[in-house]
file input.cif (mmCIF, C-alpha atoms)
data_my_file
#
loop_
_atom_site.label_atom_id
_atom_site.label_comp_id
_atom_site.auth_asym_id
_atom_site.auth_seq_id
_atom_site.Cartn_x
_atom_site.Cartn_y
_atom_site.Cartn_z
CA ASP Y 1 213.50 -275.99 -9.08
CA ARG Y 2 215.24 -279.36 -8.70
CA ALA Y 3 217.90 -278.33 -11.21
CA LEU Y 4 218.65 -275.24 -9.12
CA GLU Y 5 218.96 -277.35 -5.99
CA LEU Y 6 221.48 -279.54 -7.81
CA GLY Y 7 223.49 -276.47 -8.85
CA ASP Y 8 222.65 -276.57 -12.56
CA SER Y 9 221.47 -272.99 -13.10
CA ASP Y 10 221.91 -273.22 -16.87
CA GLN Y 11 219.51 -276.17 -17.11
CA ALA Y 12 217.04 -274.50 -14.75
CA ASP Y 13 217.03 -271.36 -16.90
CA GLY Y 14 216.57 -273.39 -20.10
CA MET Y 15 213.67 -275.37 -18.64
CA ALA Y 16 212.05 -272.17 -17.37
CA ARG Y 17 212.27 -270.58 -20.83
CA ASP Y 18 210.66 -273.66 -22.40
CA ALA Y 19 207.85 -273.57 -19.82
CA LEU Y 20 207.22 -269.87 -20.41
CA ARG Y 21 206.87 -270.44 -24.15
CA LEU Y 22 204.27 -273.13 -23.48
CA ALA Y 23 202.33 -271.67 -20.55
CA GLY Y 24 202.96 -267.92 -20.63
CA ASP Y 25 203.80 -265.79 -17.61
CA ARG Y 26 203.34 -268.24 -14.75
CA PHE Y 27 204.54 -266.92 -11.41
CA ASP Y 28 206.38 -270.05 -10.28
CA VAL Y 29 208.24 -270.41 -13.60
CA LEU Y 30 209.22 -266.73 -13.70
CA LEU Y 31 210.50 -266.96 -10.13
CA ILE Y 32 212.66 -269.98 -10.99
CA GLN Y 33 213.99 -268.19 -14.07
CA GLY Y 34 214.90 -265.16 -11.96
CA ARG Y 35 216.69 -267.31 -9.40
CA ALA Y 36 218.52 -269.25 -12.13
CA CYS Y 37 219.71 -266.11 -13.91
CA ARG Y 38 220.89 -264.64 -10.62
CA ALA Y 39 222.85 -267.82 -9.86
CA ARG Y 40 224.49 -267.56 -13.30
CA GLY Y 41 225.45 -263.93 -12.62
CA ASP Y 42 223.06 -262.43 -15.19
CA LEU Y 43 221.44 -259.91 -12.86
CA THR Y 44 219.82 -257.88 -15.63
CA THR Y 45 217.80 -260.81 -16.97
CA ALA Y 46 217.11 -261.95 -13.41
CA SER Y 47 215.61 -258.56 -12.57
CA LEU Y 48 213.44 -258.60 -15.70
CA ALA Y 49 212.10 -262.08 -14.90
CA LEU Y 50 211.42 -261.13 -11.29
CA MET Y 51 209.57 -257.96 -12.30
CA ARG Y 52 207.28 -260.12 -14.43
CA ALA Y 53 206.87 -262.53 -11.51
CA ILE Y 54 205.85 -259.67 -9.22
CA SER Y 55 203.27 -258.57 -11.80
CA ALA Y 56 201.98 -262.13 -12.15
CA ALA Y 57 201.54 -262.70 -8.41
CA ASP Y 58 197.93 -263.13 -7.29
CA SER Y 59 198.31 -262.25 -3.58
CA PRO Y 60 200.54 -260.17 -1.29
CA GLY Y 61 202.14 -263.31 0.17
CA VAL Y 62 203.01 -264.76 -3.22
CA ARG Y 63 204.26 -261.39 -4.46
CA ALA Y 64 206.46 -261.11 -1.37
CA ARG Y 65 208.39 -264.22 -2.43
CA ALA Y 66 209.42 -262.56 -5.69
CA GLU Y 67 210.14 -259.27 -3.91
CA ALA Y 68 212.49 -261.02 -1.49
CA VAL Y 69 214.44 -262.59 -4.37
CA MET Y 70 214.45 -259.24 -6.17
CA ALA Y 71 215.81 -257.54 -3.05
CA GLU Y 72 218.77 -259.94 -2.96
CA THR Y 73 219.31 -259.52 -6.70
CA ARG Y 74 219.40 -255.73 -6.49
CA TYR Y 75 221.70 -255.94 -3.46
CA VAL Y 76 224.20 -258.04 -5.40
CA ALA Y 77 223.92 -255.60 -8.31
CA GLY Y 78 224.92 -252.79 -5.95
CA ASP Y 79 221.56 -251.01 -6.04
CA HIS Y 80 221.09 -250.68 -2.30
CA ALA Y 81 218.12 -248.31 -2.50
CA ASP Y 82 216.13 -250.75 -4.64
CA ALA Y 83 217.25 -253.66 -2.47
CA GLU Y 84 215.88 -251.95 0.63
CA ARG Y 85 212.64 -251.01 -1.11
CA TYR Y 86 211.92 -254.57 -2.26
CA ALA Y 87 212.98 -256.10 1.06
CA LEU Y 88 210.67 -253.84 3.04
CA ALA Y 89 207.82 -254.59 0.63
CA ALA Y 90 208.41 -258.32 1.06
CA VAL Y 91 208.38 -258.06 4.86
CA GLU Y 92 205.16 -256.05 4.72
CA GLY Y 93 203.56 -258.59 2.39
CA CYS Y 94 204.49 -261.45 4.71
CA LEU Y 95 203.10 -259.66 7.75
CA ALA Y 96 199.87 -258.95 5.88
CA THR Y 97 199.62 -262.61 4.88
CA GLY Y 98 200.19 -263.72 8.47
CA ALA Y 99 197.52 -261.35 9.78
CA THR Y 100 195.03 -262.56 7.16
CA ALA Y 101 195.71 -266.20 7.99
CA ALA Y 102 195.38 -265.54 11.73
CA GLY Y 103 192.05 -263.78 11.23
CA ALA Y 104 190.71 -266.55 9.05
CA THR Y 105 191.71 -269.18 11.60
CA ALA Y 106 190.05 -267.27 14.44
CA ALA Y 107 186.82 -267.00 12.43
CA GLY Y 108 186.76 -270.75 11.67
CA SER Y 109 186.77 -269.98 7.95
CA THR Y 110 187.88 -272.35 5.17
CA ALA Y 111 190.03 -269.52 3.74
CA ALA Y 112 192.96 -270.91 5.75
CA GLY Y 113 193.07 -273.75 3.24
CA SER Y 114 193.28 -271.23 0.42
CA THR Y 115 196.25 -269.56 2.09
CA ALA Y 116 198.02 -272.90 2.43
CA ALA Y 117 197.25 -273.77 -1.17
CA GLY Y 118 198.63 -270.44 -2.31
CA SER Y 119 201.83 -271.10 -0.40
CA THR Y 120 202.15 -274.56 -1.91
CA ALA Y 121 201.58 -273.24 -5.40
CA ALA Y 122 204.37 -270.79 -4.83
CA GLY Y 123 206.72 -273.65 -4.08
CA SER Y 124 207.02 -272.98 -0.36
CA GLY Y 125 206.60 -275.02 2.76
CA GLY Y 126 203.08 -274.71 4.09
CA ASP Y 127 202.42 -272.43 7.05
CA ARG Y 128 206.09 -271.51 7.38
CA ALA Y 129 206.14 -269.86 3.93
CA PRO Y 130 205.64 -266.28 5.20
CA THR Y 131 208.36 -266.83 7.82
CA VAL Y 132 210.82 -268.18 5.25
CA THR Y 133 210.16 -265.24 2.93
CA ARG Y 134 210.23 -262.65 5.71
CA LEU Y 135 213.58 -263.93 6.98
CA ALA Y 136 215.01 -263.89 3.45
CA ALA Y 137 213.94 -260.26 3.05
CA ARG Y 138 215.25 -259.33 6.50
CA ASN Y 139 218.55 -260.94 5.57
CA VAL Y 140 218.94 -258.33 2.83
CA LEU Y 141 218.11 -255.54 5.29
CA GLY Y 142 220.75 -256.90 7.63
CA LYS Y 143 223.36 -257.02 4.86
CA LEU Y 144 222.61 -253.38 4.13
CA LEU Y 145 223.49 -252.65 7.77
CA LEU Y 146 226.77 -254.53 7.25
CA ALA Y 147 227.45 -252.51 4.10
CA ALA Y 148 226.90 -249.34 6.13
CA GLU Y 149 229.36 -250.69 8.75
CA ALA Y 150 226.69 -250.43 11.44
CA TRP Y 151 228.16 -253.42 13.26
CA ALA Y 152 226.17 -253.23 16.51
CA SER Y 153 222.85 -252.79 14.71
CA ALA Y 154 223.71 -255.58 12.27
CA GLU Y 155 224.63 -257.98 15.07
CA GLN Y 156 221.36 -257.29 16.89
CA HIS Y 157 219.40 -257.66 13.64
CA PHE Y 158 220.89 -261.06 12.79
CA ALA Y 159 220.70 -262.29 16.38
CA ARG Y 160 216.95 -261.64 16.28
CA ASP Y 161 216.64 -263.42 12.93
CA ALA Y 162 218.58 -266.44 14.20
CA TYR Y 163 216.31 -266.62 17.25
CA ASP Y 164 213.12 -266.31 15.17
CA ALA Y 165 214.35 -268.92 12.70
CA ALA Y 166 215.18 -271.34 15.52
CA VAL Y 167 211.74 -270.88 17.09
CA GLU Y 168 210.01 -271.42 13.73
CA GLY Y 169 212.22 -274.38 12.83
CA VAL Y 170 213.69 -272.78 9.70
CA GLY Y 171 217.19 -274.25 9.91
CA GLU Y 172 218.61 -272.76 6.72
CA ALA Y 173 217.61 -269.22 7.73
CA GLU Y 174 219.05 -269.78 11.22
CA LEU Y 175 222.46 -270.76 9.83
CA ARG Y 176 222.40 -267.85 7.40
CA ALA Y 177 221.66 -265.37 10.19
CA LYS Y 178 224.43 -266.82 12.37
CA LEU Y 179 226.91 -266.49 9.50
CA ASN Y 180 226.05 -262.85 8.94
CA ARG Y 181 226.07 -262.14 12.65
CA GLY Y 182 229.60 -263.54 12.62
CA ILE Y 183 230.61 -260.87 10.10
CA ALA Y 184 229.38 -258.15 12.45
CA VAL Y 185 231.18 -259.77 15.38
CA LEU Y 186 234.43 -260.13 13.40
CA SER Y 187 234.21 -256.55 12.14
CA SER Y 188 233.78 -255.41 15.75
CA GLY Y 189 237.19 -256.89 16.56
CA ARG Y 190 235.97 -260.03 18.38
CA ARG Y 191 237.91 -262.49 16.26
CA ASP Y 192 237.89 -265.47 18.65
CA GLU Y 193 234.13 -265.21 19.10
CA ALA Y 194 233.61 -265.05 15.34
CA ARG Y 195 235.85 -268.09 14.82
CA ARG Y 196 233.80 -270.06 17.34
CA MET Y 197 230.54 -269.04 15.67
CA TYR Y 198 231.77 -270.03 12.21
CA GLY Y 199 233.04 -273.34 13.54
CA GLU Y 200 229.60 -274.11 14.97
CA VAL Y 201 227.92 -273.20 11.67
CA LEU Y 202 230.39 -275.39 9.76
CA THR Y 203 229.68 -278.37 12.01
CA GLU Y 204 225.91 -277.92 11.81
CA GLY Y 205 225.98 -277.21 8.07
CA GLU Y 206 227.89 -280.43 7.42
CA ARG Y 207 225.52 -282.36 9.69
CA VAL Y 208 222.36 -281.25 7.88
CA GLY Y 209 223.90 -281.08 4.39
CA ASN Y 210 223.56 -277.30 3.95
CA GLN Y 211 226.37 -276.74 1.45
CA ARG Y 212 225.88 -272.99 1.19
CA ALA Y 213 226.35 -272.58 4.93
CA VAL Y 214 229.42 -274.83 4.77
CA ALA Y 215 230.93 -272.76 1.95
CA TYR Y 216 230.39 -269.44 3.73
CA ALA Y 217 231.74 -270.80 7.02
CA LEU Y 218 234.88 -272.13 5.31
CA SER Y 219 235.48 -268.82 3.51
CA ASN Y 220 235.13 -266.80 6.70
CA LEU Y 221 237.32 -269.18 8.68
CA ALA Y 222 239.93 -268.80 5.92
CA ALA Y 223 239.75 -265.02 6.30
CA ILE Y 224 240.29 -265.31 10.06
CA ALA Y 225 243.20 -267.72 9.56
CA THR Y 226 244.78 -265.17 7.21
CA LEU Y 227 244.40 -262.43 9.82
CA ASP Y 228 246.05 -264.76 12.35
CA HIS Y 229 248.96 -265.44 9.93
CA ARG Y 230 248.06 -269.13 9.76
CA TYR Y 231 248.57 -269.19 6.01
CA ALA Y 232 248.75 -272.93 5.38
CA GLU Y 233 245.42 -273.35 7.16
CA ALA Y 234 243.96 -270.41 5.22
CA LEU Y 235 245.00 -271.97 1.91
CA GLY Y 236 243.42 -275.28 2.83
CA LEU Y 237 240.17 -273.68 3.99
CA SER Y 238 240.00 -271.53 0.84
CA ASP Y 239 240.45 -274.56 -1.42
CA ARG Y 240 237.68 -276.40 0.45
CA ALA Y 241 235.35 -273.39 0.20
CA ILE Y 242 235.89 -273.09 -3.55
CA ASP Y 243 235.31 -276.81 -4.05
CA VAL Y 244 231.98 -276.61 -2.22
CA ARG Y 245 231.01 -273.48 -4.15
CA ARG Y 246 231.65 -275.24 -7.45
CA ARG Y 247 229.34 -278.08 -6.42
CA ILE Y 248 226.61 -275.61 -5.49
CA GLY Y 249 226.86 -274.08 -8.98
CA GLU Y 250 226.34 -270.42 -8.04
CA ARG Y 251 228.92 -268.46 -10.01
CA LEU Y 252 228.54 -265.23 -8.05
CA GLY Y 253 229.43 -267.06 -4.86
CA LEU Y 254 232.75 -268.15 -6.36
CA VAL Y 255 234.07 -264.64 -6.94
CA LEU Y 256 235.18 -263.57 -3.47
CA PRO Y 257 236.72 -266.90 -2.35
CA ILE Y 258 238.75 -267.16 -5.57
CA ALA Y 259 239.85 -263.51 -5.46
CA ASN Y 260 240.90 -263.94 -1.82
CA LEU Y 261 242.80 -267.12 -2.67
CA ALA Y 262 244.67 -265.33 -5.47
CA GLN Y 263 245.64 -262.52 -3.10
CA LEU Y 264 246.74 -264.95 -0.39
CA ARG Y 265 248.95 -266.82 -2.85
CA LEU Y 266 250.37 -263.50 -4.02
CA TYR Y 267 251.14 -262.47 -0.43
CA LEU Y 268 253.06 -265.72 0.00
CA GLY Y 269 255.11 -265.00 -3.13
CA LEU Y 270 253.33 -267.64 -5.24
CA TYR Y 271 252.92 -265.38 -8.28
CA GLU Y 272 252.20 -268.05 -10.88
CA GLU Y 273 249.73 -269.77 -8.58
CA ALA Y 274 247.99 -266.44 -7.91
CA GLU Y 275 247.58 -265.82 -11.64
CA GLN Y 276 246.35 -269.38 -12.06
CA ALA Y 277 243.66 -268.83 -9.42
CA LEU Y 278 242.57 -265.63 -11.12
CA ARG Y 279 242.35 -267.29 -14.55
CA PHE Y 280 240.36 -270.14 -13.01
CA GLY Y 281 237.96 -267.66 -11.43
CA GLN Y 282 237.39 -265.72 -14.62
CA LEU Y 283 236.80 -268.94 -16.56
CA SER Y 284 234.49 -270.46 -13.93
CA CYS Y 285 232.40 -267.34 -13.35
CA GLY Y 286 232.00 -266.39 -17.00
CA SER Y 287 231.79 -263.03 -18.72
CA ALA Y 288 228.33 -262.05 -17.45
CA LEU Y 289 229.52 -261.02 -13.99
CA PRO Y 290 228.10 -257.73 -12.72
CA LEU Y 291 230.68 -254.97 -12.43
CA SER Y 292 230.30 -254.97 -8.65
CA ARG Y 293 231.60 -258.56 -8.53
CA HIS Y 294 234.15 -258.26 -11.34
CA ALA Y 295 235.78 -255.52 -9.25
CA TYR Y 296 237.17 -258.17 -6.88
CA PHE Y 297 238.93 -259.96 -9.70
CA ALA Y 298 240.20 -256.60 -10.97
CA LYS Y 299 241.65 -255.79 -7.54
CA ALA Y 300 243.50 -259.12 -7.42
CA ALA Y 301 244.77 -258.53 -10.97
CA ALA Y 302 245.96 -255.03 -10.03
CA LEU Y 303 247.93 -256.41 -7.09
CA ILE Y 304 249.54 -259.08 -9.28
CA HIS Y 305 250.55 -256.46 -11.87
CA LEU Y 306 251.93 -254.22 -9.13
CA GLU Y 307 254.09 -257.01 -7.70
CA ARG Y 308 255.48 -257.60 -11.19
CA GLY Y 309 256.22 -253.89 -11.63
CA GLU Y 310 253.57 -253.54 -14.34
CA THR Y 311 252.14 -250.29 -13.01
CA ALA Y 312 250.31 -249.23 -16.18
CA ALA Y 313 248.41 -252.52 -16.24
CA ALA Y 314 247.73 -252.20 -12.50
CA ARG Y 315 246.21 -248.73 -12.96
CA LYS Y 316 243.99 -250.02 -15.74
CA GLN Y 317 242.59 -252.68 -13.40
CA LEU Y 318 242.13 -250.12 -10.64
CA GLN Y 319 239.81 -248.15 -12.92
CA LEU Y 320 237.55 -251.21 -13.07
CA VAL Y 321 237.75 -251.58 -9.29
CA ARG Y 322 236.62 -247.98 -8.81
CA GLN Y 323 233.73 -248.36 -11.23
CA GLY Y 324 232.50 -251.57 -9.62
CA ALA Y 325 232.97 -250.42 -6.03
CA THR Y 326 231.29 -247.07 -6.72
CA SER Y 327 228.30 -248.73 -8.41
CA ALA Y 328 227.86 -251.01 -5.39
CA GLY Y 329 228.58 -248.37 -2.75
CA ASP Y 330 231.38 -250.66 -1.51
CA TRP Y 331 233.39 -248.16 0.51
CA SER Y 332 235.70 -250.82 1.91
CA LEU Y 333 236.74 -251.86 -1.60
CA LEU Y 334 237.16 -248.20 -2.61
CA SER Y 335 239.47 -247.58 0.33
CA GLN Y 336 241.56 -250.60 -0.67
CA CYS Y 337 241.62 -249.32 -4.24
CA GLU Y 338 243.04 -245.94 -3.18
CA ARG Y 339 245.73 -247.59 -1.07
CA ILE Y 340 246.79 -249.72 -4.04
CA GLU Y 341 246.76 -246.59 -6.21
CA ALA Y 342 249.13 -244.91 -3.73
CA ARG Y 343 251.49 -247.87 -3.90
CA THR Y 344 251.36 -247.81 -7.68
CA ALA Y 345 252.14 -244.09 -7.77
CA LEU Y 346 255.10 -244.53 -5.41
CA GLU Y 347 256.40 -247.33 -7.63
CA ASP Y 348 256.20 -244.90 -10.57
CA GLY Y 349 257.89 -242.14 -8.55
CA ASP Y 350 254.82 -239.91 -8.96
CA VAL Y 351 254.70 -238.28 -5.52
CA LYS Y 352 251.83 -235.93 -6.37
CA ARG Y 353 249.60 -238.79 -7.47
CA ALA Y 354 250.61 -240.76 -4.39
CA LYS Y 355 249.65 -237.84 -2.12
CA ASN Y 356 246.28 -237.53 -3.82
CA ALA Y 357 245.63 -241.25 -3.44
CA VAL Y 358 246.60 -241.20 0.24
CA ARG Y 359 244.35 -238.19 0.79
CA ALA Y 360 241.46 -239.98 -0.97
CA ALA Y 361 242.07 -243.14 1.07
CA GLY Y 362 241.99 -241.10 4.27
CA GLU Y 363 238.37 -240.15 3.60
CA PHE Y 364 237.25 -243.75 4.16
CA ARG Y 365 237.06 -245.85 7.30
CA HIS Y 366 239.57 -248.71 7.46
CA ASN Y 367 239.98 -251.86 9.50
CA ALA Y 368 243.08 -252.27 11.67
CA ARG Y 369 245.12 -253.70 8.82
CA GLY Y 370 244.01 -250.93 6.49
CA ARG Y 371 244.86 -248.23 9.01
CA ALA Y 372 248.35 -249.66 9.44
CA GLU Y 373 248.91 -249.73 5.67
CA LEU Y 374 247.62 -246.19 5.29
CA ALA Y 375 249.94 -244.95 8.05
CA LEU Y 376 252.88 -246.59 6.27
CA LEU Y 377 251.88 -245.03 2.95
CA GLU Y 378 251.60 -241.59 4.56
CA ALA Y 379 255.13 -242.00 5.94
CA LEU Y 380 256.48 -243.14 2.57
CA VAL Y 381 254.88 -240.16 0.83
CA LEU Y 382 256.45 -237.76 3.33
CA ARG Y 383 259.86 -239.31 2.73
CA ALA Y 384 259.52 -239.30 -1.07
#
call {"tool": "encode", "arguments": {"input": "input.cif", "output": "structure tokens"}}
result
Amino acid sequence: DRALELGDSDQADGMARDALRLAGDRFDVLLIQGRACRARGDLTTASLALMRAISAADSPGVRARAEAVMAETRYVAGDHADAERYALAAVEGCLATGATAAGATAAGSTAAGSTAAGSTAAGSGGDRAPTVTRLAARNVLGKLLLAAEAWASAEQHFARDAYDAAVEGVGEAELRAKLNRGIAVLSSGRRDEARRMYGEVLTEGERVGNQRAVAYALSNLAAIATLDHRYAEALGLSDRAIDVRRRIGERLGLVLPIANLAQLRLYLGLYEEAEQALRFGQLSCGSALPLSRHAYFAKAAALIHLERGETAAARKQLQLVRQGATSAGDWSLLSQCERIEARTALEDGDVKRAKNAVRAAGEFRHNARGRAELALLEALVLRA
């Protein structure tokens, strides 16, 4: 567990494997192995370890901890149905644990000590363990609302989680909920409000030493700076976010910041630097990335090839984008993919293919920037 906190997921996985050989299927060891494999990007092995942890759990509350981690793992893998199922099960298990503990306390029973001991054995923090687990599971449910572009519902969901976390004194969960609420606010078009929220999270994250919150805040502030055409600031924020991510040691978390940095450099005409960022990302994240995450690198690569006039290579990368986005139900990425396909077809002079791509892109919802690009592509197709 300490190795994971220090960002060394490889060492944590190795130590967990050694412990399993010596002690068999212990819940706490299997849970650490699942978390370590997820951090490394090996979601298949992570899911296998977590399934064994769920089977090894000796109470609903302990099982809920593994179910919450499994929910996040399946979400990252793009399996939203499984993610929802495990998240709901984890929430239910936490509520059942809380009800049992409350009943035992009211009866003056010594079973309350057993509940606390079970939480400690699971590597949690005493009486707050069900709250920590419940908020982690609800975080997945909230991200599913974001994926469905249900911005108002997502904002309300995360606002409630931030309030509950503050009341219970779970600082990490409070910052996480505020970050995700910021995504809903930004997606609703309230950019200044989102910038303020991310700035507050950044300040608090730095104060308490929560590096994950700092990394997410920096990445989202970089995205806002890009939207505001403050490119020098966006580059600086992106570099800082990637540096923090590297220290954390979670490879999956590096994908989006590095892909965004490559695209920003490309937009500024820094072709070599964009390719350098992409190579760095592929080297840092390794070959075990799930297809849903590799799709972001593929999109950046497709854009680089397109700018160089290498349309065949761009189309090859777009096939990977489609596969990854489809597997994850990432409609935003699919819409971007179709717009890039239209640009590639126009570059090739293939008007029919361009029309088909524009028609396919029109079936998705787009943000303001996407709508403007789609309108331009429609005009270019009509003129072709």
call {"tool": "closest_residue", "arguments": {"input": "input.cif", "among": "Y:Ala49, Y:Met197, Y:Ala225, Y:Leu333", "to": "Y:Lys178", "atoms": "only C-alpha atoms"}}
result
Y:Met197
call {"tool": "axis_aligned_box", "arguments": {"input": "input.cif", "around": "stretch 341-359 of chain Y", "padding_each_side": "6 Å", "output": "JSON"}}
result
{"center_x": 251.1, "center_y": -241.9, "center_z": -4.9, "size_x": 25.5, "size_y": 23.9, "size_z": 23.4}
call {"tool": "resolve_selection", "arguments": {"input": "input.cif", "expression": "the PyMOL selection byres ((chain Y and resi 44) around 12)", "output": "ChimeraX atom specification"}}
result
/Y:33-43,45-51,70,73-74,76-77,79,288-291
call {"tool": "write_last_selection", "arguments": {"input": "input.cif", "atoms": "C-alpha atoms", "output": "PDB file, keeping the file's coordinate frame"}}
result
ATOM      1  CA  GLN Y  33     213.990-268.190 -14.070  1.00  0.00           C
ATOM      2  CA  GLY Y  34     214.900-265.160 -11.960  1.00  0.00           C
ATOM      3  CA  ARG Y  35     216.690-267.310  -9.400  1.00  0.00           C
ATOM      4  CA  ALA Y  36     218.520-269.250 -12.130  1.00  0.00           C
ATOM      5  CA  CYS Y  37     219.710-266.110 -13.910  1.00  0.00           C
ATOM      6  CA  ARG Y  38     220.890-264.640 -10.620  1.00  0.00           C
ATOM      7  CA  ALA Y  39     222.850-267.820  -9.860  1.00  0.00           C
ATOM      8  CA  ARG Y  40     224.490-267.560 -13.300  1.00  0.00           C
ATOM      9  CA  GLY Y  41     225.450-263.930 -12.620  1.00  0.00           C
ATOM     10  CA  ASP Y  42     223.060-262.430 -15.190  1.00  0.00           C
ATOM     11  CA  LEU Y  43     221.440-259.910 -12.860  1.00  0.00           C
ATOM     12  CA  THR Y  45     217.800-260.810 -16.970  1.00  0.00           C
ATOM     13  CA  ALA Y  46     217.110-261.950 -13.410  1.00  0.00           C
ATOM     14  CA  SER Y  47     215.610-258.560 -12.570  1.00  0.00           C
ATOM     15  CA  LEU Y  48     213.440-258.600 -15.700  1.00  0.00           C
ATOM     16  CA  ALA Y  49     212.100-262.080 -14.900  1.00  0.00           C
ATOM     17  CA  LEU Y  50     211.420-261.130 -11.290  1.00  0.00           C
ATOM     18  CA  MET Y  51     209.570-257.960 -12.300  1.00  0.00           C
ATOM     19  CA  MET Y  70     214.450-259.240  -6.170  1.00  0.00           C
ATOM     20  CA  THR Y  73     219.310-259.520  -6.700  1.00  0.00           C
ATOM     21  CA  ARG Y  74     219.400-255.730  -6.490  1.00  0.00           C
ATOM     22  CA  VAL Y  76     224.200-258.040  -5.400  1.00  0.00           C
ATOM     23  CA  ALA Y  77     223.920-255.600  -8.310  1.00  0.00           C
ATOM     24  CA  ASP Y  79     221.560-251.010  -6.040  1.00  0.00           C
ATOM     25  CA  ALA Y 288     228.330-262.050 -17.450  1.00  0.00           C
ATOM     26  CA  LEU Y 289     229.520-261.020 -13.990  1.00  0.00           C
ATOM     27  CA  PRO Y 290     228.100-257.730 -12.720  1.00  0.00           C
ATOM     28  CA  LEU Y 291     230.680-254.970 -12.430  1.00  0.00           C
TER      29      LEU Y 291
END
call {"tool": "residues_around", "arguments": {"input": "input.cif", "residues": "stretch 320-328 of chain Y", "least_positions_apart": "3", "cutoff": "10 Å", "atoms": "only C-alpha atoms", "output": "PyMOL selection string"}}
result
chain Y and resi 74-80+147+290-300+302+315-317+331-338
call {"tool": "resolve_selection", "arguments": {"input": "input.cif", "expression": "the PyMOL selection byres ((chain Y and resi 87-91) around 6)", "output": "JSON, numbers by chain"}}
result
{"Y": [64, 67, 68, 71, 84, 85, 86, 92, 93, 94, 134, 137]}
call {"tool": "atom_distance", "arguments": {"input": "input.cif", "atom1": "atom CA of Y:Asp350", "atom2": "atom CA of Y:Leu376"}}
result
16.7 Å
call {"tool": "resolve_selection", "arguments": {"input": "input.cif", "expression": "the PyMOL selection byres ((chain Y and resi 255) around 9)", "output": "ChimeraX atom specification"}}
result
/Y:251-254,256-260,281-282,285,293-294,296-297
call {"tool": "closest_residue", "arguments": {"input": "input.cif", "among": "Y:Val214, Y:Val62, Y:Val208, Y:Ala154", "to": "Y:Thr97", "atoms": "all atoms listed in the file"}}
result
Y:Val62
